[in-house]
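Novice: Sharing query_13.txt, compact mmCIF, C-alpha atoms and all ligand atoms:
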```
# COMPACT_ATOMS: atom_id res chain seq x y z
CA MET A 1 80.48 101.15 96.61
CA SER A 2 78.20 99.41 99.09
CA ALA A 3 75.61 101.67 100.71
CA ILE A 4 75.20 99.68 103.94
CA ILE A 5 77.46 97.10 105.54
CA LEU A 6 76.44 95.32 108.73
CA ASN A 7 79.10 93.27 110.41
CA ASP A 8 78.17 90.78 113.14
CA LEU A 9 75.56 93.22 114.38
CA SER A 10 73.91 92.27 117.68
CA LYS A 11 71.75 93.93 120.29
CA SER A 12 70.66 92.44 123.56
CA PHE A 13 68.17 93.74 126.11
CA ASN A 14 68.31 92.25 129.60
CA GLN A 15 70.76 89.55 128.47
CA LYS A 16 68.41 88.44 125.70
CA TYR A 17 69.30 88.92 122.05
CA ALA A 18 66.83 91.05 120.05
CA VAL A 19 69.23 90.99 117.07
CA LYS A 20 71.98 88.43 116.73
CA ASN A 21 75.07 88.37 114.48
CA VAL A 22 73.50 90.02 111.47
CA ASN A 23 75.80 90.29 108.44
CA LEU A 24 74.44 92.10 105.43
CA THR A 25 75.58 94.25 102.51
CA VAL A 26 73.15 96.45 100.59
CA GLU A 27 74.39 97.99 97.34
CA LYS A 28 73.83 101.54 96.14
CA GLY A 29 70.54 101.87 94.24
CA GLU A 30 69.03 98.75 95.78
CA LEU A 31 65.50 98.58 97.14
CA PHE A 32 65.82 96.17 100.01
CA CYS A 33 62.87 94.79 101.98
CA PHE A 34 63.22 93.57 105.51
CA LEU A 35 60.60 91.02 106.52
CA GLY A 36 59.94 89.24 109.76
CA PRO A 37 57.21 88.34 112.22
CA ASN A 38 56.29 90.69 115.09
CA GLY A 39 59.12 91.07 117.56
CA SER A 40 61.73 89.51 115.26
CA GLY A 41 64.14 92.47 115.48
CA LYS A 42 63.37 94.65 112.43
CA THR A 43 62.96 97.97 114.25
CA THR A 44 65.92 97.27 116.53
CA THR A 45 68.11 96.62 113.47
CA ILE A 46 66.92 99.79 111.72
CA LYS A 47 67.51 101.84 114.87
CA MET A 48 71.10 100.58 115.03
CA MET A 49 71.57 101.30 111.32
CA THR A 50 70.38 104.88 111.78
CA GLY A 51 72.45 105.54 114.89
CA LEU A 52 69.49 105.72 117.29
CA LEU A 53 70.53 102.63 119.22
CA LYS A 54 74.05 101.54 120.14
CA PRO A 55 74.86 97.96 119.09
CA SER A 56 75.90 95.53 121.82
CA GLU A 57 78.36 94.03 119.33
CA GLY A 58 79.30 94.56 115.70
CA THR A 59 79.39 97.54 113.36
CA VAL A 60 77.24 99.52 110.94
CA LYS A 61 78.85 101.24 107.98
CA ILE A 62 76.95 103.79 105.92
CA ALA A 63 78.72 104.61 102.63
CA ASN A 64 81.83 103.14 104.25
CA ILE A 65 81.53 105.39 107.32
CA ASN A 66 81.26 103.72 110.72
CA ILE A 67 78.16 105.31 112.26
CA GLU A 68 79.45 104.98 115.82
CA GLU A 69 82.81 106.55 115.03
CA GLN A 70 81.57 109.35 112.75
CA PRO A 71 77.88 109.78 113.55
CA ILE A 72 77.42 113.24 112.00
CA GLU A 73 79.12 112.29 108.74
CA ALA A 74 77.05 109.10 108.46
CA LYS A 75 73.76 110.75 109.46
CA LYS A 76 74.15 113.47 106.81
CA ARG A 77 73.71 110.73 104.23
CA ILE A 78 70.63 109.05 105.62
CA ALA A 79 66.99 109.72 106.38
CA TYR A 80 64.68 107.68 108.57
CA VAL A 81 60.90 107.50 108.48
CA PRO A 82 59.77 105.65 111.62
CA ASP A 83 56.52 103.68 111.77
CA GLN A 84 55.02 106.30 114.10
CA PRO A 85 55.73 109.71 112.55
CA LEU A 86 57.22 112.07 115.13
CA LEU A 87 56.47 115.66 114.22
CA TYR A 88 56.35 118.87 116.22
CA PRO A 89 52.62 119.39 116.84
CA LYS A 90 52.86 123.16 117.17
CA LEU A 91 54.66 123.62 113.86
CA LYS A 92 52.79 124.03 110.60
CA GLY A 93 53.59 121.50 107.88
CA ARG A 94 55.60 124.10 105.97
CA GLU A 95 57.51 125.14 109.10
CA TYR A 96 58.40 121.53 109.82
CA LEU A 97 59.80 121.03 106.31
CA GLU A 98 61.76 124.29 106.58
CA PHE A 99 63.14 123.23 109.94
CA ILE A 100 64.37 119.87 108.61
CA ALA A 101 65.83 121.58 105.52
CA SER A 102 67.73 124.03 107.75
CA VAL A 103 69.16 121.21 109.91
CA PHE A 104 70.53 119.56 106.77
CA GLU A 105 71.64 122.93 105.28
CA VAL A 106 69.65 122.44 102.08
CA ASN A 107 70.01 125.43 99.74
CA PRO A 108 66.79 127.42 99.11
CA THR A 109 66.46 126.48 95.43
CA ASP A 110 66.73 122.74 96.09
CA TYR A 111 64.40 123.08 99.07
CA GLU A 112 61.71 124.85 97.04
CA GLN A 113 61.94 122.39 94.16
CA ARG A 114 61.82 119.25 96.36
CA MET A 115 59.16 120.64 98.68
CA GLN A 116 56.89 121.40 95.71
CA LYS A 117 57.55 118.04 94.05
CA TYR A 118 56.94 115.80 97.06
CA THR A 119 54.10 117.68 98.76
CA THR A 120 52.25 117.85 95.43
CA LEU A 121 52.86 114.16 94.74
CA PHE A 122 51.31 113.26 98.11
CA SER A 123 48.55 115.88 97.86
CA ILE A 124 49.45 117.70 101.08
CA ASN A 125 50.58 120.92 99.36
CA ASP A 126 47.30 122.66 100.22
CA ARG A 127 47.53 121.72 103.94
CA LEU A 128 51.01 123.08 104.68
CA GLU A 129 49.75 126.18 106.51
CA GLU A 130 48.01 124.03 109.16
CA LEU A 131 49.55 122.84 112.44
CA THR A 132 50.67 119.23 112.19
CA GLU A 133 48.71 118.35 115.36
CA GLY A 134 45.59 118.55 113.18
CA TYR A 135 46.91 116.14 110.56
CA SER A 136 45.50 112.63 110.15
CA HIS A 137 47.89 109.69 110.62
CA GLY A 138 48.26 109.29 106.85
CA MET A 139 49.01 113.00 106.39
CA LYS A 140 51.64 112.86 109.14
CA GLN A 141 53.19 109.86 107.41
CA LYS A 142 53.31 111.73 104.12
CA LEU A 143 54.83 114.86 105.68
CA SER A 144 57.41 112.69 107.41
CA LEU A 145 58.33 111.15 104.05
CA CYS A 146 58.53 114.58 102.36
CA ALA A 147 60.81 115.78 105.18
CA ALA A 148 63.01 112.69 104.80
CA LEU A 149 63.49 113.43 101.11
CA ILE A 150 64.09 117.15 101.49
CA HIS A 151 67.87 116.72 101.83
CA ASN A 152 68.04 114.11 99.09
CA PRO A 153 69.63 111.39 101.27
CA ASP A 154 71.85 108.67 99.80
CA ILE A 155 70.03 106.08 101.88
CA LEU A 156 66.41 106.12 102.98
CA PHE A 157 65.25 103.92 105.87
CA LEU A 158 61.53 103.28 106.19
CA ASP A 159 59.80 101.35 108.95
CA GLU A 160 56.40 100.04 107.76
CA PRO A 161 55.98 102.93 105.31
CA THR A 162 52.56 102.13 103.87
CA VAL A 163 50.70 101.64 107.17
CA GLY A 164 48.06 104.36 107.34
CA LEU A 165 48.26 105.33 103.68
CA ASP A 166 45.23 105.06 101.42
CA PRO A 167 45.66 102.89 98.29
CA LYS A 168 46.37 105.84 95.97
CA SER A 169 49.04 107.27 98.27
CA ALA A 170 50.54 103.81 98.81
CA ARG A 171 50.84 103.43 95.04
CA GLU A 172 52.38 106.92 94.67
CA MET A 173 54.88 105.96 97.33
CA LYS A 174 55.78 102.66 95.68
CA ASN A 175 56.33 104.38 92.33
CA LEU A 176 58.37 107.11 93.97
CA LEU A 177 60.62 104.67 95.84
CA ARG A 178 61.29 102.75 92.63
CA GLU A 179 62.11 105.98 90.79
CA LEU A 180 64.45 107.13 93.58
CA CYS A 181 66.31 103.82 93.51
CA ASP A 182 66.60 103.91 89.74
CA ASN A 183 68.25 107.31 90.23
CA GLY A 184 70.79 105.92 92.68
CA MET A 185 69.17 106.25 96.12
CA THR A 186 69.27 103.18 98.34
CA VAL A 187 66.06 102.24 100.14
CA PHE A 188 65.92 99.91 103.12
CA MET A 189 62.40 99.26 104.33
CA SER A 190 60.65 96.95 106.69
CA THR A 191 57.16 95.82 105.84
CA HIS A 192 54.53 93.32 106.88
CA ILE A 193 52.86 93.65 103.51
CA LEU A 194 54.34 90.82 101.50
CA GLU A 195 52.73 92.02 98.30
CA ILE A 196 54.82 95.17 98.46
CA ALA A 197 58.01 93.23 98.95
CA GLU A 198 57.07 90.87 96.14
CA GLN A 199 56.16 93.62 93.68
CA MET A 200 58.88 96.14 94.15
CA CYS A 201 61.97 94.94 96.01
CA ASP A 202 65.26 93.98 94.45
CA ARG A 203 66.05 91.69 97.38
CA VAL A 204 64.38 90.61 100.57
CA GLY A 205 65.93 89.71 103.89
CA ILE A 206 63.94 87.58 106.32
CA ILE A 207 64.66 87.89 110.04
CA LYS A 208 63.41 85.49 112.69
CA HIS A 209 64.17 85.61 116.43
CA GLY A 210 66.80 88.30 115.69
CA GLU A 211 68.72 86.22 113.13
CA LEU A 212 68.81 86.91 109.42
CA ILE A 213 67.77 83.56 108.01
CA THR A 214 67.54 84.38 104.29
CA VAL A 215 68.70 87.10 101.92
CA ALA A 216 67.70 86.63 98.27
CA THR A 217 65.99 88.07 95.22
CA MET A 218 62.40 86.99 94.61
CA ASN A 219 63.60 84.85 91.69
CA GLU A 220 66.17 83.09 93.84
CA LEU A 221 63.58 82.41 96.53
CA LYS A 222 61.13 81.01 94.00
CA LYS A 223 63.79 78.86 92.37
CA GLU A 224 64.73 77.44 95.74
CA ARG A 225 61.18 76.94 97.01
CA GLY A 226 59.32 76.09 93.81
CA SER A 227 58.26 78.63 91.21
CA ASP A 228 54.57 78.43 92.15
CA SER A 229 55.17 79.68 95.69
CA SER A 230 54.09 83.18 96.58
CA LEU A 231 56.23 85.22 98.92
CA GLU A 232 53.52 84.73 101.53
CA GLU A 233 53.94 80.96 101.42
CA ILE A 234 57.72 81.22 101.45
CA PHE A 235 57.61 83.66 104.35
CA LEU A 236 55.21 81.50 106.36
CA GLU A 237 57.28 78.41 105.79
CA LEU A 238 60.52 80.10 106.74
CA THR A 239 59.24 81.87 109.81
CA ALA A 240 56.71 79.42 111.16
CA ASP A 241 57.49 77.17 114.10
CA GLU A 242 57.51 73.39 113.67
CA GLU A 243 53.81 72.90 114.37
CA ALA A 244 52.73 75.63 111.94
CA ARG A 245 55.08 74.29 109.26
CA THR A 246 53.51 70.84 109.48
CA PHE A 247 50.10 72.48 109.19
CA ILE A 248 51.15 74.48 106.10
CA SER A 249 52.61 71.45 104.31
CA HIS A 250 49.47 69.47 105.20
CA MET A 251 47.32 72.25 103.68
CA LYS A 252 49.48 72.24 100.57
CA GLU A 253 49.10 68.50 100.13
CA GLU A 254 45.34 68.83 100.46
CA GLU A 255 45.29 71.70 97.93
CA SER A 256 47.24 69.70 95.34
CA GLY A 257 44.82 66.85 95.92
N1 LIG B 301 63.96 98.95 124.57
C1 LIG B 301 63.73 97.65 124.68
N2 LIG B 301 63.84 97.02 125.86
C2 LIG B 301 63.63 95.69 125.99
N3 LIG B 301 63.30 94.87 124.95
C3 LIG B 301 63.19 95.46 123.74
C4 LIG B 301 63.38 96.87 123.54
N4 LIG B 301 63.20 97.12 122.20
C5 LIG B 301 62.89 95.96 121.62
N5 LIG B 301 62.89 94.95 122.53
C6 LIG B 301 62.61 93.53 122.25
O1 LIG B 301 63.39 93.13 121.13
C7 LIG B 301 62.67 92.23 120.30
C8 LIG B 301 62.64 92.77 118.88
O2 LIG B 301 61.82 93.94 118.84
P1 LIG B 301 61.62 94.83 117.53
O3 LIG B 301 60.80 96.01 117.92
O4 LIG B 301 62.95 95.09 116.92
O5 LIG B 301 60.80 93.85 116.59
P2 LIG B 301 60.05 94.10 115.19
O6 LIG B 301 60.51 93.01 114.28
O7 LIG B 301 60.30 95.51 114.73
O8 LIG B 301 58.54 93.89 115.61
P3 LIG B 301 57.14 94.45 114.99
O9 LIG B 301 56.98 93.82 113.66
O10 LIG B 301 56.16 93.97 115.99
O11 LIG B 301 57.25 95.96 114.93
C9 LIG B 301 61.29 92.08 120.94
O12 LIG B 301 61.29 90.91 121.70
C10 LIG B 301 61.16 93.30 121.81
O13 LIG B 301 60.33 93.08 122.92
```
If you convert what's in this file into structure tokens, what do you get?

Specialist:
Amino acid sequence: MSAIILNDLSKSFNQKYAVKNVNLTVEKGELFCFLGPNGSGKTTTIKMMTGLLKPSEGTVKIANINIEEQPIEAKKRIAYVPDQPLLYPKLKGREYLEFIASVFEVNPTDYEQRMQKYTTLFSINDRLEELTEGYSHGMKQKLSLCAALIHNPDILFLDEPTVGLDPKSAREMKNLLRELCDNGMTVFMSTHILEIAEQMCDRVGIIKHGELITVATMNELKKERGSDSSLEEIFLELTADEEARTFISHMKEEESG
């Protein structure tokens, strides 16, 4: 069964499209990377997929459930880690995790086991008795990720997940996401870091001016664009405007002599 189905999904603000006619299917267990320049519509798309923003047109289905028609049913299956972690400053880390677990009615045994596993993995287990207002950005990000995983969602949405993480934590997170997908979770993440997309994603989708211009595996992209191309070159070529594209091809000619 497909984990996510987007059908002609559009959102406009002040009569201007931020996202336009996006059609996309993501399969269960896939690690899907969403790439695009600043302002191309990534966050707007993720907000519609997670039920935080109402589409102007089109539909979002999560595990075959229309998120507008059955929001509670759909939201039980997902978790969302925004780019700016939103925590309750006056709660301790542990209290925040307990609160999220209670909202999702996680049983105490599962809660304890997951809380231990994820907070230890991200080395925040010894800071859980502190108020989250005293956490650094990276620690907030990690707690937000632990909270997202506490109810073992079918689908995990992440907006720029590695921003603010130190290299060791970023690597722990990459390994964890791969492991979760191998165990059947679906991960949909946006990133600016092309290396991450290149190293770990099953497929990438590239969005430009609100339109999904390419969806492919890394191998398919390389086959189409020449096997020597890095994702960075492919991304720049696909998303650049005419002037920049001419510049890039000029640079390439010079490089190849
Ligand atoms: N609430 C809003 N009101 C008006 N315009 C908006 C609103 N939210 C987003 N937009 C516009 O929609 C477009 C897409 O924005 P979005 O935040 O989805 O881009 P993004 O790809 O996530 O960008 P970035 O990589 O910079 O985070 C932008 O032009 C943005 O200004």

Novice: For range 26-31 of chain A, work out the shell of residues within 6 Å, counting all atoms listed in the file and skipping chain neighbours fewer than 6 positions away, then give it as a list of chain:residue names.

Specialist: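 Once the adjacent positions are removed, what remains is A:Ser2, A:Ala3, A:Ile4, A:Cys181, A:Gly184, A:Met185, A:Thr186, A:Val187, A:Cys201, A:Asp202.
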
Novice: Based on the selection just made, write C-alpha atoms of those residues as a PDB file, in the coordinates of the input.

Specialist:
```pdb
ATOM      1  CA  SER A   2      78.200  99.410  99.090  1.00  0.00           C
ATOM      2  CA  ALA A   3      75.610 101.670 100.710  1.00  0.00           C
ATOM      3  CA  ILE A   4      75.200  99.680 103.940  1.00  0.00           C
ATOM      4  CA  CYS A 181      66.310 103.820  93.510  1.00  0.00           C
ATOM      5  CA  GLY A 184      70.790 105.920  92.680  1.00  0.00           C
ATOM      6  CA  MET A 185      69.170 106.250  96.120  1.00  0.00           C
ATOM      7  CA  THR A 186      69.270 103.180  98.340  1.00  0.00           C
ATOM      8  CA  VAL A 187      66.060 102.240 100.140  1.00  0.00           C
ATOM      9  CA  CYS A 201      61.970  94.940  96.010  1.00  0.00           C
ATOM     10  CA  ASP A 202      65.260  93.980  94.450  1.00  0.00           C
TER      11      ASP A 202
END
```

Novice: Excluding Thr132 in chain A and any residue of its chain fewer than 4 positions from it, enumerate the residues within 8 Å of it, using only C-alpha atoms, and give them as a PyMOL selection string.

Specialist: chain A and resi 87-93+140

Novice: Please report the interatomic distance between CA of Gly138 in chain A and CA of Leu165 in chain A in Å with one decimal.

Specialist: 5.1 Å

Novice: Around the point (78.6, 93.0, 109.5), in the coordinates given by the file, pick out the residues reaching within 7 Å, counting all atoms listed in the file, and return them as a ChimeraX atom specification.

Specialist: /A:5-9,22-24,58-60

Novice: To one decimal place, how far is CA of Ile100 in chain A from CA of Arg178 in chain A in Å?

Specialist: 23.6 Å

Novice: For a quick check of understanding, using all atoms listed in the file, which of A:Gly226, A:Gly134, A:Gly210, A:Pro71 has the smallest distance to Gly41 in chain A?

Specialist: A:Gly210

Novice: Write out as a PDB file with C-alpha atoms, keeping the file's coordinate frame each polymer residue whose atoms come within 6 Å of Ser10 in chain A, counting all atoms listed in the file; drop sequence neighbours fewer than 5 positions from it.

Specialist:
```pdb
ATOM      1  CA  VAL A  19      69.230  90.990 117.070  1.00  0.00           C
ATOM      2  CA  LYS A  20      71.980  88.430 116.730  1.00  0.00           C
ATOM      3  CA  ASN A  21      75.070  88.370 114.480  1.00  0.00           C
ATOM      4  CA  PRO A  55      74.860  97.960 119.090  1.00  0.00           C
ATOM      5  CA  SER A  56      75.900  95.530 121.820  1.00  0.00           C
ATOM      6  CA  GLU A  57      78.360  94.030 119.330  1.00  0.00           C
TER       7      GLU A  57
END
```

Novice: Complete the atom set of range 209-226 of chain A to N, CA and C atoms and return it as a PDB file, keeping the file's coordinate frame.

Specialist:
```pdb
ATOM      1  N   HIS A 209      63.520  85.632 115.107  1.00  0.00           N
ATOM      2  CA  HIS A 209      64.170  85.610 116.430  1.00  0.00           C
ATOM      3  C   HIS A 209      65.523  86.343 116.394  1.00  0.00           C
ATOM      4  N   GLY A 210      65.568  87.483 115.696  1.00  0.00           N
ATOM      5  CA  GLY A 210      66.800  88.300 115.690  1.00  0.00           C
ATOM      6  C   GLY A 210      67.878  87.835 114.730  1.00  0.00           C
ATOM      7  N   GLU A 211      67.676  86.712 114.043  1.00  0.00           N
ATOM      8  CA  GLU A 211      68.720  86.220 113.130  1.00  0.00           C
ATOM      9  C   GLU A 211      68.243  86.332 111.687  1.00  0.00           C
ATOM     10  N   LEU A 212      69.147  86.784 110.835  1.00  0.00           N
ATOM     11  CA  LEU A 212      68.810  86.910 109.420  1.00  0.00           C
ATOM     12  C   LEU A 212      68.893  85.519 108.801  1.00  0.00           C
ATOM     13  N   ILE A 213      67.751  84.962 108.446  1.00  0.00           N
ATOM     14  CA  ILE A 213      67.770  83.560 108.010  1.00  0.00           C
ATOM     15  C   ILE A 213      67.864  83.423 106.498  1.00  0.00           C
ATOM     16  N   THR A 214      67.472  84.449 105.755  1.00  0.00           N
ATOM     17  CA  THR A 214      67.540  84.380 104.290  1.00  0.00           C
ATOM     18  C   THR A 214      67.735  85.774 103.717  1.00  0.00           C
ATOM     19  N   VAL A 215      68.602  85.867 102.707  1.00  0.00           N
ATOM     20  CA  VAL A 215      68.700  87.100 101.920  1.00  0.00           C
ATOM     21  C   VAL A 215      68.738  86.656 100.463  1.00  0.00           C
ATOM     22  N   ALA A 216      67.764  87.103  99.658  1.00  0.00           N
ATOM     23  CA  ALA A 216      67.700  86.630  98.270  1.00  0.00           C
ATOM     24  C   ALA A 216      66.819  87.525  97.423  1.00  0.00           C
ATOM     25  N   THR A 217      66.942  87.394  96.109  1.00  0.00           N
ATOM     26  CA  THR A 217      65.990  88.070  95.220  1.00  0.00           C
ATOM     27  C   THR A 217      64.726  87.204  95.198  1.00  0.00           C
ATOM     28  N   MET A 218      63.646  87.764  94.709  1.00  0.00           N
ATOM     29  CA  MET A 218      62.400  86.990  94.610  1.00  0.00           C
ATOM     30  C   MET A 218      62.620  85.767  93.714  1.00  0.00           C
ATOM     31  N   ASN A 219      63.355  85.976  92.602  1.00  0.00           N
ATOM     32  CA  ASN A 219      63.600  84.850  91.690  1.00  0.00           C
ATOM     33  C   ASN A 219      64.372  83.731  92.363  1.00  0.00           C
ATOM     34  N   GLU A 220      65.386  84.114  93.142  1.00  0.00           N
ATOM     35  CA  GLU A 220      66.170  83.090  93.840  1.00  0.00           C
ATOM     36  C   GLU A 220      65.302  82.329  94.840  1.00  0.00           C
ATOM     37  N   LEU A 221      64.453  83.074  95.548  1.00  0.00           N
ATOM     38  CA  LEU A 221      63.580  82.410  96.530  1.00  0.00           C
ATOM     39  C   LEU A 221      62.641  81.431  95.852  1.00  0.00           C
ATOM     40  N   LYS A 222      62.095  81.865  94.708  1.00  0.00           N
ATOM     41  CA  LYS A 222      61.130  81.010  94.000  1.00  0.00           C
ATOM     42  C   LYS A 222      61.821  79.780  93.426  1.00  0.00           C
ATOM     43  N   LYS A 223      63.040  79.986  92.925  1.00  0.00           N
ATOM     44  CA  LYS A 223      63.790  78.860  92.370  1.00  0.00           C
ATOM     45  C   LYS A 223      64.030  77.808  93.452  1.00  0.00           C
ATOM     46  N   GLU A 224      64.403  78.325  94.625  1.00  0.00           N
ATOM     47  CA  GLU A 224      64.730  77.440  95.740  1.00  0.00           C
ATOM     48  C   GLU A 224      63.495  76.729  96.298  1.00  0.00           C
ATOM     49  N   ARG A 225      62.368  77.455  96.334  1.00  0.00           N
ATOM     50  CA  ARG A 225      61.180  76.940  97.010  1.00  0.00           C
ATOM     51  C   ARG A 225      60.097  76.418  96.074  1.00  0.00           C
ATOM     52  N   GLY A 226      60.357  76.494  94.765  1.00  0.00           N
ATOM     53  CA  GLY A 226      59.320  76.090  93.810  1.00  0.00           C
ATOM     54  C   GLY A 226      58.684  77.320  93.211  1.00  0.00           C
TER      55      GLY A 226
END
```
